[in-house]
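K.L.:
Handing over structure-v2.txt, compact mmCIF, C-alpha atoms.
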```txt
# COMPACT_ATOMS: atom_id res chain seq x y z
CA MET H 282 42.80 -34.07 -9.37
CA THR H 283 41.88 -35.58 -5.98
CA ASP H 284 45.01 -33.92 -4.56
CA ASN H 285 43.64 -30.60 -5.77
CA LEU H 286 40.25 -31.39 -4.26
CA ASP H 287 41.90 -32.38 -0.99
CA HIS H 288 43.71 -29.05 -0.88
CA ILE H 289 40.49 -27.19 -1.79
CA ASP H 290 38.60 -29.11 0.90
CA ASP H 291 41.13 -27.88 3.48
CA TYR H 292 40.68 -24.31 2.25
CA LEU H 293 36.90 -24.50 2.49
CA SER H 294 37.07 -26.09 5.95
CA GLY H 295 39.17 -23.13 7.11
CA ASP H 296 42.09 -25.44 7.90
CA LEU H 297 44.80 -23.43 6.11
CA SER H 298 47.28 -21.22 7.92
CA ALA H 299 47.76 -17.62 6.82
CA GLU H 300 50.85 -18.58 4.81
CA ASP H 301 49.09 -21.57 3.18
CA LEU H 302 46.18 -19.29 2.39
CA ARG H 303 48.51 -16.90 0.60
CA LEU H 304 50.02 -19.78 -1.42
CA PHE H 305 46.52 -21.09 -2.18
CA ASP H 306 45.49 -17.67 -3.46
CA GLN H 307 48.57 -17.42 -5.65
CA ARG H 308 47.95 -20.89 -7.06
CA VAL H 309 44.39 -19.93 -8.05
CA ILE H 310 45.87 -17.01 -10.00
CA ASP H 311 48.74 -18.97 -11.61
CA ASP H 312 47.16 -22.37 -12.30
CA PRO H 313 44.00 -22.38 -14.46
CA VAL H 314 43.37 -26.11 -13.84
CA PHE H 315 43.44 -25.56 -10.08
CA ALA H 316 41.14 -22.53 -10.42
CA GLY H 317 38.78 -24.70 -12.51
CA ASP H 318 38.76 -27.40 -9.84
CA LEU H 319 37.97 -24.84 -7.15
CA ALA H 320 35.16 -23.36 -9.27
CA PHE H 321 33.74 -26.85 -9.91
CA TYR H 322 33.91 -27.81 -6.24
CA ILE H 323 32.10 -24.65 -5.12
CA GLY H 324 29.60 -24.75 -7.98
CA SER H 325 28.71 -28.41 -7.56
CA VAL H 326 28.36 -28.24 -3.76
CA ASN H 327 26.08 -25.27 -4.34
CA VAL H 328 24.03 -27.29 -6.85
CA ILE H 329 23.75 -30.19 -4.41
CA LYS H 330 22.83 -27.87 -1.55
CA ASN H 331 20.14 -26.26 -3.70
CA GLN H 332 18.79 -29.69 -4.57
CA VAL H 333 18.62 -30.65 -0.88
CA ASN H 334 16.77 -27.41 -0.18
CA GLU H 335 14.43 -27.83 -3.16
CA GLU H 336 13.44 -31.25 -1.82
CA ARG H 337 12.89 -29.73 1.63
CA LYS H 338 10.79 -26.95 0.15
CA LYS H 339 8.61 -29.42 -1.75
CA ARG H 340 8.00 -31.30 1.48
CA PHE H 341 7.24 -28.08 3.33
CA ARG H 342 4.83 -27.05 0.56
CA ASP H 343 2.95 -30.36 0.97
CA LEU H 344 2.80 -29.90 4.74
CA TYR H 345 1.58 -26.35 4.34
CA GLU H 346 -1.12 -27.30 1.83
CA GLN H 347 -2.26 -30.19 4.04
CA ASN H 348 -2.52 -28.04 7.15
CA LYS H 349 -3.60 -24.67 5.87
CA ASN H 350 -7.33 -25.47 5.73
CA LYS H 351 -7.32 -27.21 9.07
CA PRO H 352 -8.30 -25.07 12.03
CA GLN H 353 -5.14 -23.66 13.59
CA VAL H 354 -4.08 -25.49 16.71
CA LYS H 355 -3.38 -22.63 19.04
CA PRO H 356 -2.83 -22.86 22.74
CA VAL H 357 -6.01 -22.25 24.69
CA ARG H 358 -5.59 -18.93 26.41
CA THR H 359 -7.74 -18.25 29.41
CA LEU H 360 -7.30 -15.49 31.90
CA VAL H 361 -6.85 -17.72 34.94
CA PRO H 362 -3.43 -19.16 34.05
CA TYR H 363 -2.12 -15.71 33.21
CA LEU H 364 -3.32 -14.28 36.48
CA ALA H 365 -1.86 -17.20 38.38
CA ALA H 366 1.44 -16.86 36.54
CA ALA H 367 1.49 -13.10 37.14
CA ALA H 368 0.88 -13.66 40.87
CA VAL H 369 3.72 -16.19 41.09
CA ILE H 370 6.10 -13.98 39.12
CA GLY H 371 5.14 -10.99 41.25
CA LEU H 372 5.81 -12.91 44.44
CA ILE H 373 9.15 -14.19 43.20
CA SER H 374 10.13 -10.69 42.04
CA ILE H 375 9.37 -9.26 45.48
CA ILE H 376 11.42 -11.98 47.17
CA ILE H 377 14.33 -11.44 44.77
CA PHE H 378 14.10 -7.67 45.18
CA MET H 379 14.08 -7.91 48.96
CA PHE H 380 16.60 -10.63 49.63
CA TYR H 381 18.94 -10.97 46.69
CA PRO H 382 21.17 -8.51 44.83
CA VAL H 383 20.04 -7.64 41.31
CA SER H 384 21.66 -9.38 38.34
CA SER H 385 25.42 -9.26 38.03
CA PRO H 386 26.91 -6.89 35.44
CA VAL H 387 27.87 -9.85 33.25
CA GLN H 388 24.33 -11.27 33.40
CA LEU H 389 22.86 -7.89 32.54
CA ALA H 390 25.21 -7.52 29.58
CA ASP H 391 24.45 -11.09 28.47
CA ARG H 392 20.73 -10.45 28.61
CA TYR H 393 21.07 -7.26 26.60
CA ILE H 394 23.28 -8.95 24.01
CA ASN H 395 20.94 -11.95 23.66
CA GLU H 396 17.86 -9.80 23.33
CA ASN H 397 19.23 -7.08 21.10
CA LEU H 398 22.37 -8.20 19.31
CA ALA H 399 21.82 -11.89 18.54
CA VAL H 400 20.30 -10.98 15.18
CA LEU H 401 21.06 -7.75 13.33
CA GLY H 402 18.43 -6.14 11.15
CA VAL H 403 18.68 -6.06 7.37
CA SER H 404 18.24 -2.56 6.05
CA MET H 405 15.85 -1.82 3.21
CA GLY H 406 17.87 1.20 2.18
CA GLY H 407 20.67 1.39 -0.34
CA THR H 408 23.14 -0.46 1.87
CA GLN H 409 25.78 -2.28 -0.10
CA ASP H 410 25.24 -5.95 -0.87
CA SER H 411 28.60 -6.79 0.75
CA ILE H 412 27.35 -5.45 4.08
CA GLN H 413 24.02 -7.23 3.69
CA SER H 414 25.89 -10.42 2.91
CA ALA H 415 28.05 -10.04 6.03
CA LEU H 416 24.94 -9.38 8.13
CA ARG H 417 23.39 -12.52 6.72
CA LEU H 418 26.47 -14.50 7.84
CA TYR H 419 26.20 -12.91 11.27
CA ASN H 420 22.55 -13.86 11.59
CA GLU H 421 23.46 -17.40 10.63
CA GLY H 422 25.94 -17.48 13.51
CA LYS H 423 29.12 -17.53 11.37
CA LEU H 424 30.81 -15.00 13.58
CA ASN H 425 34.46 -15.56 12.68
CA GLU H 426 33.71 -15.21 8.98
CA THR H 427 31.58 -12.14 9.65
CA LEU H 428 34.37 -10.45 11.57
CA VAL H 429 36.84 -11.02 8.71
CA ARG H 430 34.29 -9.49 6.33
CA PHE H 431 33.61 -6.44 8.44
CA GLU H 432 37.31 -5.87 9.06
CA GLN H 433 37.98 -6.02 5.31
CA LEU H 434 35.06 -3.69 4.60
CA LYS H 435 36.20 -1.34 7.34
CA GLU H 436 39.66 -1.15 5.74
CA SER H 437 38.22 -0.39 2.32
CA HIS H 438 35.50 2.01 3.58
CA PRO H 439 37.16 3.93 6.44
CA SER H 440 34.49 6.65 6.36
CA ASP H 441 31.61 4.21 6.87
CA HIS H 442 31.35 4.39 10.65
CA LYS H 443 28.54 1.82 10.81
CA LEU H 444 31.22 -0.79 10.03
CA LYS H 445 33.05 0.08 13.26
CA GLU H 446 29.82 -0.66 15.13
CA TYR H 447 29.32 -3.96 13.32
CA ALA H 448 32.96 -5.05 13.81
CA GLY H 449 32.65 -4.17 17.51
CA ILE H 450 29.42 -6.12 17.93
CA VAL H 451 30.87 -9.22 16.28
CA SER H 452 34.02 -8.99 18.42
CA LEU H 453 31.82 -8.65 21.51
CA ARG H 454 29.83 -11.74 20.54
CA LEU H 455 33.09 -13.61 19.95
CA GLY H 456 34.29 -12.69 23.43
CA ASP H 457 37.21 -10.60 22.15
CA TYR H 458 36.42 -7.69 24.47
CA ASP H 459 39.65 -5.76 23.92
CA LYS H 460 39.04 -5.73 20.20
CA ALA H 461 35.39 -4.79 20.69
CA LEU H 462 36.46 -1.88 22.90
CA LYS H 463 38.95 -0.75 20.26
CA TYR H 464 36.23 -0.60 17.58
CA PHE H 465 33.60 0.98 19.82
CA ARG H 466 36.07 3.61 21.05
CA GLU H 467 36.93 4.42 17.44
CA LEU H 468 33.19 4.87 16.86
CA GLU H 469 32.78 6.95 20.01
CA ALA H 470 35.54 9.29 18.81
CA VAL H 471 33.64 10.14 15.62
CA ASN H 472 31.94 13.46 16.40
CA ASN H 473 29.92 14.24 13.31
CA LEU H 474 27.32 11.47 13.59
CA PHE H 475 23.64 12.23 14.07
CA ALA H 476 23.38 9.31 16.51
CA ASN H 477 26.50 7.72 17.97
CA PRO H 478 26.01 4.52 20.01
CA GLY H 479 29.78 4.19 20.65
CA LYS H 480 29.76 5.23 24.31
CA PHE H 481 26.87 2.91 25.15
CA TYR H 482 28.59 -0.06 23.51
CA VAL H 483 31.88 0.70 25.31
CA ALA H 484 29.93 0.59 28.60
CA LEU H 485 28.16 -2.63 27.59
CA THR H 486 31.49 -4.28 26.70
CA LEU H 487 33.03 -3.20 30.00
CA LEU H 488 30.10 -4.76 31.88
CA LYS H 489 30.59 -7.98 29.97
CA ARG H 490 34.40 -7.99 30.41
CA ASN H 491 34.02 -7.25 34.13
CA ARG H 492 37.68 -6.74 34.99
CA SER H 493 38.66 -4.71 38.01
CA GLY H 494 37.40 -1.15 37.52
CA ASP H 495 35.31 -2.03 34.46
CA VAL H 496 31.92 -1.80 36.15
CA ALA H 497 32.68 1.58 37.73
CA GLU H 498 33.86 2.90 34.37
CA ALA H 499 30.77 1.44 32.65
CA LYS H 500 28.44 3.14 35.16
CA LYS H 501 30.19 6.46 34.56
CA LEU H 502 29.73 6.09 30.80
CA LEU H 503 26.09 5.00 31.13
CA HIS H 504 25.39 8.10 33.24
CA GLN H 505 26.97 10.22 30.50
CA VAL H 506 24.78 8.49 27.89
CA THR H 507 21.59 9.27 29.84
CA GLU H 508 22.60 12.81 30.84
CA GLN H 509 23.64 13.79 27.31
CA GLY H 510 20.68 11.97 25.69
CA LEU H 511 23.01 9.92 23.51
CA GLU H 512 21.99 6.92 21.40
CA HIS H 513 20.53 4.08 23.54
CA ASP H 514 19.92 6.40 26.51
CA ALA H 515 16.74 4.49 27.39
CA ASP H 516 18.68 1.18 27.46
CA ALA H 517 21.40 2.86 29.55
CA ARG H 518 18.77 3.97 32.07
CA VAL H 519 17.44 0.39 32.36
CA LEU H 520 20.94 -0.98 32.88
CA LEU H 521 21.76 1.63 35.53
CA ASP H 522 18.53 0.84 37.41
CA LYS H 523 19.58 -2.77 37.65
CA LEU H 524 23.24 -2.31 38.48
CA MET O 165 -3.32 -23.58 34.27
CA LEU O 166 -2.58 -26.79 32.47
CA SER O 167 -4.73 -25.81 29.49
CA TYR O 168 -2.05 -23.45 28.20
CA PHE O 169 0.31 -26.35 27.81
CA THR O 170 -2.08 -28.96 26.47
CA THR O 171 -1.03 -28.76 22.81
CA SER O 172 1.41 -31.41 21.66
CA ARG O 173 4.13 -28.95 20.68
CA ASN O 174 7.61 -30.13 21.36
CA SER O 175 9.98 -27.97 23.30
CA ASP O 176 12.84 -26.18 21.54
CA GLU O 177 15.28 -28.70 23.00
CA GLU O 178 13.35 -31.64 21.63
CA ILE O 179 13.29 -30.22 18.10
CA ILE O 180 16.96 -29.25 18.25
CA ARG O 181 17.86 -32.74 19.45
CA LYS O 182 16.02 -34.34 16.53
CA LEU O 183 17.60 -31.98 14.02
CA THR O 184 21.07 -32.95 15.14
CA GLU O 185 20.35 -36.64 14.64
CA ALA O 186 20.58 -38.35 11.28
CA GLY O 187 17.96 -40.05 9.11
CA ASN O 188 14.23 -40.12 9.88
CA ASN O 189 14.51 -38.30 13.18
CA LYS O 190 16.10 -35.35 11.48
CA ARG O 191 13.36 -35.24 8.88
CA LYS O 192 10.72 -35.39 11.63
CA GLY O 193 12.46 -32.54 13.43
CA GLU O 194 12.49 -30.46 10.23
CA ASP O 195 8.77 -31.05 9.68
CA GLU O 196 7.92 -30.28 13.30
CA LEU O 197 9.92 -27.07 13.17
CA PHE O 198 8.13 -26.05 9.96
CA ASN O 199 4.67 -26.82 11.35
CA ARG O 200 5.27 -25.22 14.70
CA PHE O 201 5.70 -21.68 13.42
CA SER O 202 3.85 -21.92 10.09
CA TYR O 203 1.50 -19.15 11.26
CA PHE O 204 4.39 -16.78 10.43
CA ILE O 205 3.27 -17.14 6.79
CA LYS O 206 0.04 -15.34 7.61
CA THR O 207 1.98 -12.74 9.58
CA GLY O 208 4.18 -12.10 6.51
CA MET O 209 1.07 -11.56 4.40
CA GLU O 210 -0.49 -9.18 6.92
CA ARG O 211 2.51 -7.26 8.16
CA PHE O 212 4.59 -7.05 4.97
CA HIS O 213 1.71 -7.34 2.48
CA LEU O 214 3.50 -10.22 0.78
CA LYS O 215 1.72 -12.60 -1.56
CA GLU O 216 1.08 -16.01 -0.02
CA ASP O 217 3.76 -17.63 -2.19
CA ASP O 218 6.35 -15.02 -1.25
CA SER O 219 5.53 -15.33 2.43
CA PHE O 220 5.73 -19.13 2.15
CA ASN O 221 9.16 -18.80 0.50
CA ALA O 222 10.39 -16.39 3.18
CA TYR O 223 9.22 -18.80 5.88
CA SER O 224 10.68 -21.91 4.18
CA ASP O 225 14.01 -20.12 3.71
CA THR O 226 13.92 -19.13 7.38
CA ILE O 227 13.39 -22.74 8.45
CA ILE O 228 16.12 -23.99 6.09
CA SER O 229 18.55 -21.40 7.40
CA ALA O 230 17.68 -22.35 11.00
CA ILE O 231 18.16 -26.06 10.22
CA GLU O 232 21.62 -25.31 8.79
CA SER O 233 22.48 -23.16 11.76
CA ILE O 234 21.35 -25.78 14.27
CA CYS O 235 23.01 -28.70 12.45
CA SER O 236 26.34 -26.92 12.19
CA GLY O 237 26.22 -26.12 15.92
CA GLN O 238 26.10 -22.38 15.26
CA PHE O 239 22.71 -21.84 16.86
CA GLY O 240 24.31 -21.98 20.31
CA ASN O 241 22.36 -20.67 23.27
CA ARG O 242 20.36 -18.02 21.53
CA SER O 243 17.17 -16.86 23.15
CA SER O 244 14.21 -18.99 22.02
CA LEU O 245 13.67 -20.61 18.65
CA LYS O 246 10.62 -18.42 18.14
CA THR O 247 12.48 -15.16 18.79
CA TYR O 248 15.37 -16.21 16.57
CA LEU O 249 13.14 -17.45 13.76
CA PHE O 250 10.94 -14.39 13.83
CA LYS O 251 13.90 -12.05 13.46
CA VAL O 252 15.31 -14.10 10.57
CA PHE O 253 11.83 -14.28 9.00
CA ASN O 254 11.49 -10.48 9.21
CA ASN O 255 14.82 -10.11 7.43
CA LYS O 256 13.81 -12.60 4.73
CA CYS O 257 10.56 -10.66 4.17
CA VAL O 258 12.56 -7.44 3.79
CA ASP O 259 14.89 -9.25 1.35
CA ILE O 260 11.90 -10.31 -0.73
CA ILE O 261 10.50 -6.79 -0.80
CA ARG O 262 13.91 -5.47 -1.90
CA LYS O 263 14.19 -8.21 -4.51
CA ASN O 264 10.74 -7.42 -5.83
CA THR O 265 11.44 -3.72 -6.01
CA THR O 266 14.93 -3.99 -7.51
CA ASN O 267 14.48 -7.14 -9.60
CA LYS O 268 17.58 -8.70 -8.04
CA SER O 269 16.40 -12.21 -8.76
CA SER O 270 19.81 -13.86 -8.52
CA VAL O 271 21.13 -12.03 -5.49
CA ASN O 272 20.99 -15.04 -3.15
CA HIS O 273 22.83 -17.35 -5.51
CA THR O 274 25.63 -14.84 -6.07
CA THR O 275 26.07 -14.02 -2.41
CA GLU O 276 26.17 -17.69 -1.41
CA ILE O 277 29.13 -18.28 -3.72
CA SER O 278 30.93 -15.11 -2.71
CA ASP O 279 30.46 -16.14 0.95
CA VAL O 280 32.68 -19.15 0.25
CA LEU O 281 35.32 -17.10 -1.57
CA TYR O 282 35.69 -14.35 0.99
CA ARG O 283 39.19 -15.39 2.02
CA LEU O 284 40.56 -14.94 -1.52
CA SER O 285 42.11 -11.78 -2.91
CA ASP O 286 40.02 -9.82 -5.41
CA GLY O 287 42.14 -11.13 -8.33
CA ALA O 288 41.75 -14.81 -7.41
CA LYS O 289 38.07 -14.33 -6.55
CA SER O 290 37.30 -12.78 -9.90
CA ILE O 291 39.02 -15.69 -11.76
CA VAL O 292 36.94 -18.27 -9.90
CA GLN O 293 33.71 -16.28 -10.25
CA GLN O 294 34.20 -16.03 -14.00
CA ILE O 295 34.62 -19.82 -14.29
CA ILE O 296 31.57 -20.41 -12.09
CA GLU O 297 29.49 -18.04 -14.23
CA GLN O 298 30.36 -20.15 -17.29
CA SER O 299 29.35 -23.40 -15.56
CA ASP O 300 26.23 -25.27 -16.61
CA PHE O 301 24.54 -25.91 -13.26
CA GLU O 302 21.62 -27.75 -14.86
CA GLU O 303 24.07 -30.23 -16.40
CA ILE O 304 25.81 -30.76 -13.05
CA LYS O 305 22.37 -31.41 -11.56
CA ARG O 306 21.58 -33.99 -14.26
CA LYS O 307 24.92 -35.72 -13.75
CA LEU O 308 24.38 -35.75 -9.99
CA ASN O 309 21.22 -37.77 -10.57
CA GLU O 310 23.19 -40.22 -12.75
CA LEU O 311 25.82 -40.71 -10.05
CA GLY O 312 25.46 -43.95 -8.05
CA GLU O 313 23.11 -43.85 -5.08
CA ASN O 314 25.93 -44.15 -2.51
CA CYS O 315 27.88 -41.25 -3.96
CA ARG O 316 24.76 -39.13 -4.30
CA SER O 317 23.70 -39.75 -0.69
CA LEU O 318 27.20 -39.04 0.56
CA LEU O 319 27.42 -35.73 -1.29
CA MET O 320 23.87 -34.77 -0.26
CA MET O 321 24.67 -35.39 3.42
CA PHE O 322 27.84 -33.32 3.14
CA ALA O 323 25.93 -30.49 1.45
CA GLU O 324 23.35 -30.67 4.24
CA GLY O 325 26.13 -29.72 6.64
CA TYR O 326 26.96 -33.06 8.24
CA SER O 327 30.60 -33.45 9.25
CA ASP O 328 32.67 -36.37 7.99
CA ARG O 329 32.47 -37.86 11.49
CA GLU O 330 28.68 -37.72 11.53
CA ILE O 331 28.50 -39.19 8.04
CA SER O 332 30.81 -42.04 9.06
CA LEU O 333 28.45 -42.93 11.91
CA SER O 334 25.29 -42.60 9.90
CA MET O 335 26.47 -44.39 6.73
CA GLU O 336 28.65 -46.88 8.56
CA TYR O 337 32.00 -45.87 7.12
CA LYS O 338 35.08 -46.99 9.02
CA SER O 339 36.30 -43.50 9.87
CA PRO O 340 35.88 -39.81 9.01
CA ASP O 341 39.04 -40.05 6.87
CA VAL O 342 37.43 -42.76 4.75
CA VAL O 343 34.39 -40.53 4.34
CA LYS O 344 36.56 -37.65 3.20
CA THR O 345 38.41 -39.80 0.65
CA SER O 346 35.14 -41.29 -0.66
CA ARG O 347 33.48 -37.90 -0.82
CA LEU O 348 36.31 -36.39 -2.84
CA ARG O 349 36.35 -39.41 -5.16
CA CYS O 350 32.61 -38.97 -5.74
CA LEU O 351 33.13 -35.31 -6.50
CA ASP O 352 35.93 -36.21 -8.90
CA LYS O 353 33.65 -38.75 -10.60
CA LEU O 354 30.92 -36.13 -10.93
CA ARG O 355 33.41 -33.71 -12.42
CA LYS O 356 34.62 -36.24 -15.00
CA MET O 357 31.02 -37.01 -16.01
CA TYR O 358 30.31 -33.30 -16.32
CA MET O 359 33.50 -32.58 -18.29
CA GLN O 360 32.56 -35.20 -20.88
CA THR O 361 29.54 -33.08 -21.80
CA ARG O 362 31.57 -29.88 -22.18
CA PRO O 363 32.78 -28.77 -25.63
```
Starting from the file, give its structure as structure tokens.
P.N.:
Amino acid sequence: MTDNLDHIDDYLSGDLSAEDLRLFDQRVIDDPVFAGDLAFYIGSVNVIKNQVNEERKKRFRDLYEQNKNKPQVKPVRTLVPYLAAAAVIGLISIIIFMFYPVSSPVQLADRYINENLAVLGVSMGGTQDSIQSALRLYNEGKLNETLVRFEQLKESHPSDHKLKEYAGIVSLRLGDYDKALKYFRELEAVNNLFANPGKFYVALTLLKRNRSGDVAEAKKLLHQVTEQGLEHDADARVLLDKL
Amino acid sequence: MLSYFTTSRNSDEEIIRKLTEAGNNKRKGEDELFNRFSYFIKTGMERFHLKEDDSFNAYSDTIISAIESICSGQFGNRSSLKTYLFKVFNNKCVDIIRKNTTNKSSVNHTTEISDVLYRLSDGAKSIVQQIIEQSDFEEIKRKLNELGENCRSLLMMFAEGYSDREISLSMEYKSPDVVKTSRLRCLDKLRKMYMQTRP
């Protein structure tokens, strides 16, 4: 039994090779005792996790009840500090504008990714649960797992072009720029979409990858995005202003 | 200018540091994180028209998810805690609205389990899911409370996302390998206790 658990523990830790994973899968199908052990392991860890979270929630409830009738401690906001801060920022901006080059392409791409792609929105529409579940993993930072999910979903739903965008974004966040470009170019090639962000994402990835010729190519694509009014044209304009 | 900074709020780094420590410090970090952005609950009520309880649940789930993300090192160098939490909170509010309108009360539980099984083929996954559906989770919970204190604490820490190395330091085990062996023995013990109650 503990041997089974040991093996299961390795599976859940992601320590199995592709071949071991295949054998593991086959064993689940062939060996009911092993499948039962796996189900128990997952079920019981889930029970324990829920218990930990229930205890946390009880504590949070107490904190909330204790504090909710107290006057909210909010930072005191007066105009003077804001004006002072604005003056300092203004001065620094002028100095930077006059004496230093604007942000590097990689910094610009990083800033865009951090501000816009660190968390992906959950749709309220009829999107499939499997996609919602993958987005939830993404938002929790489990990027490798998310990529596997989106790649599987992409295989099984080749006509769902949104999956190309998601797979590209995850690859970009993982730093696999060649793969990200492959997915975004696939998306860019789809010509029957109402709004296609493919070209913009290809440009963004090129800025981030920053190999020889990448920035020039990215600029060319960003100009096309703004001139043709494609998806994210406003973002493209901002990036071009700063490049 | 100082007045803007006069509240005793800890910086993001300070909270993150506490959350990655064990024991009381971690608990303090969790409570500070909860208190710091608890005004989101009111925002959920105003912006999404959620009931107070629903907004509280969305916020608590957001904090729990952030704690897990920070403890497992997956938070990384995201923007600020506030920006990250607010986006997650928005998503949780949307989830609650969807759940309320579609009556999908068990959606979270199901997706959590399928998250773990994603590497399996559809055939293997369906076998395991069927066994899990037949499990008596309430009985497992009862047996967990009957398990010795050491085993219970060990399994709770593991479920909280601590690595075997962190557990070995916190609970004074000789090595991460000893933690792993003890953890699996505890799980085996729990399973035997549970199986005795099964027909």
K.L.:
Do you know which residues are at most 12 Å from Glu196 in chain O counting all atoms listed in the file, after dropping those on the same chain fewer than 6 positions away, and could you put them as a ChimeraX atom specification?
P.N.:
/H:340-341,344-345 /O:172-176,178-183,189-190,202,227,231
K.L.:
Only residues of chain O matter here; which ones have an atom within 6 Å of chain H, counting only C-alpha atoms? Give them as a ChimeraX atom specification.
P.N.:
/O:165,168,233,238,255,284,288,292,296,323
K.L.:
Between CA of Leu503 in chain H and CA of Leu485 in chain H, what is the distance in Å, rounded to a tenth?
P.N.:
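Going from CA of Leu503 in chain H over to CA of Leu485 in chain H, I get 8.7 Å.
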K.L.:
Residues within 8 Å of Ser219 in chain O, please, as a list in words. Count all atoms listed in the file; anything in the same chain fewer than 6 positions from it doesn't count.
P.N.:
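Listed by chain and then number, they are Ile205, Lys206, Gly208, Met209 and Cys257 of chain O.
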K.L.:
Provide the CA of Tyr223 in chain O to CA of Glu336 in chain H distance in Å, to one decimal place.
P.N.:
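About the pair CA of Tyr223 in chain O and CA of Glu336 in chain H: they are 15.2 Å apart.
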K.L.:
In Å, rounded to a single decimal, give me how far CA of Ala390 in chain H is from CA of Arg490 in chain H.
P.N.:
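Straight-line distance from CA of Arg490 in chain H to CA of Ala390 in chain H works out to 9.2 Å.
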K.L.:
Extract, using all atoms listed in the file, all DNA, RNA and protein residues at most 7 Å from range 314-319 of chain O, discarding same-chain residues fewer than 3 positions from it, and format them as number ranges by chain.
P.N.:
O: 308, 311, 322-323, 347, 350
K.L.:
Might you pull out every residue within 12 Å of range 509-511 of chain H, with all atoms listed in the file counted and same-chain residues fewer than 3 positions away left off, and present them as a JSON list (two decimals) with C-alpha atoms, in the coordinates of the input?
P.N.:
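Listing of selection-v4.json after writing:
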```json
[["chain", "number", "residue", "atom", "x", "y", "z"],
["H", 469, "GLU", "CA", 32.78, 6.95, 20.01],
["H", 472, "ASN", "CA", 31.94, 13.46, 16.40],
["H", 474, "LEU", "CA", 27.32, 11.47, 13.59],
["H", 475, "PHE", "CA", 23.64, 12.23, 14.07],
["H", 476, "ALA", "CA", 23.38, 9.31, 16.51],
["H", 477, "ASN", "CA", 26.50, 7.72, 17.97],
["H", 478, "PRO", "CA", 26.01, 4.52, 20.01],
["H", 479, "GLY", "CA", 29.78, 4.19, 20.65],
["H", 480, "LYS", "CA", 29.76, 5.23, 24.31],
["H", 481, "PHE", "CA", 26.87, 2.91, 25.15],
["H", 482, "TYR", "CA", 28.59, -0.06, 23.51],
["H", 502, "LEU", "CA", 29.73, 6.09, 30.80],
["H", 503, "LEU", "CA", 26.09, 5.00, 31.13],
["H", 504, "HIS", "CA", 25.39, 8.10, 33.24],
["H", 505, "GLN", "CA", 26.97, 10.22, 30.50],
["H", 506, "VAL", "CA", 24.78, 8.49, 27.89],
["H", 514, "ASP", "CA", 19.92, 6.40, 26.51],
["H", 515, "ALA", "CA", 16.74, 4.49, 27.39],
["H", 516, "ASP", "CA", 18.68, 1.18, 27.46],
["H", 517, "ALA", "CA", 21.40, 2.86, 29.55],
["H", 518, "ARG", "CA", 18.77, 3.97, 32.07]]
```
K.L.:
Counting all atoms listed in the file, which residues come within 10 Å of (25.0, -35.2, -12.7), with the point read in the file's coordinates, and could you list them as a list in words?
P.N.:
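The residues that fall inside the cut-off are Ser325, Val328 and Ile329 of chain H; Phe301, Glu302, Glu303, Ile304, Lys305, Arg306, Lys307, Leu308, Asn309, Glu310, Leu311, Gly312, Arg316, Lys353, Leu354, Arg355, Lys356, Met357 and Tyr358 of chain O.
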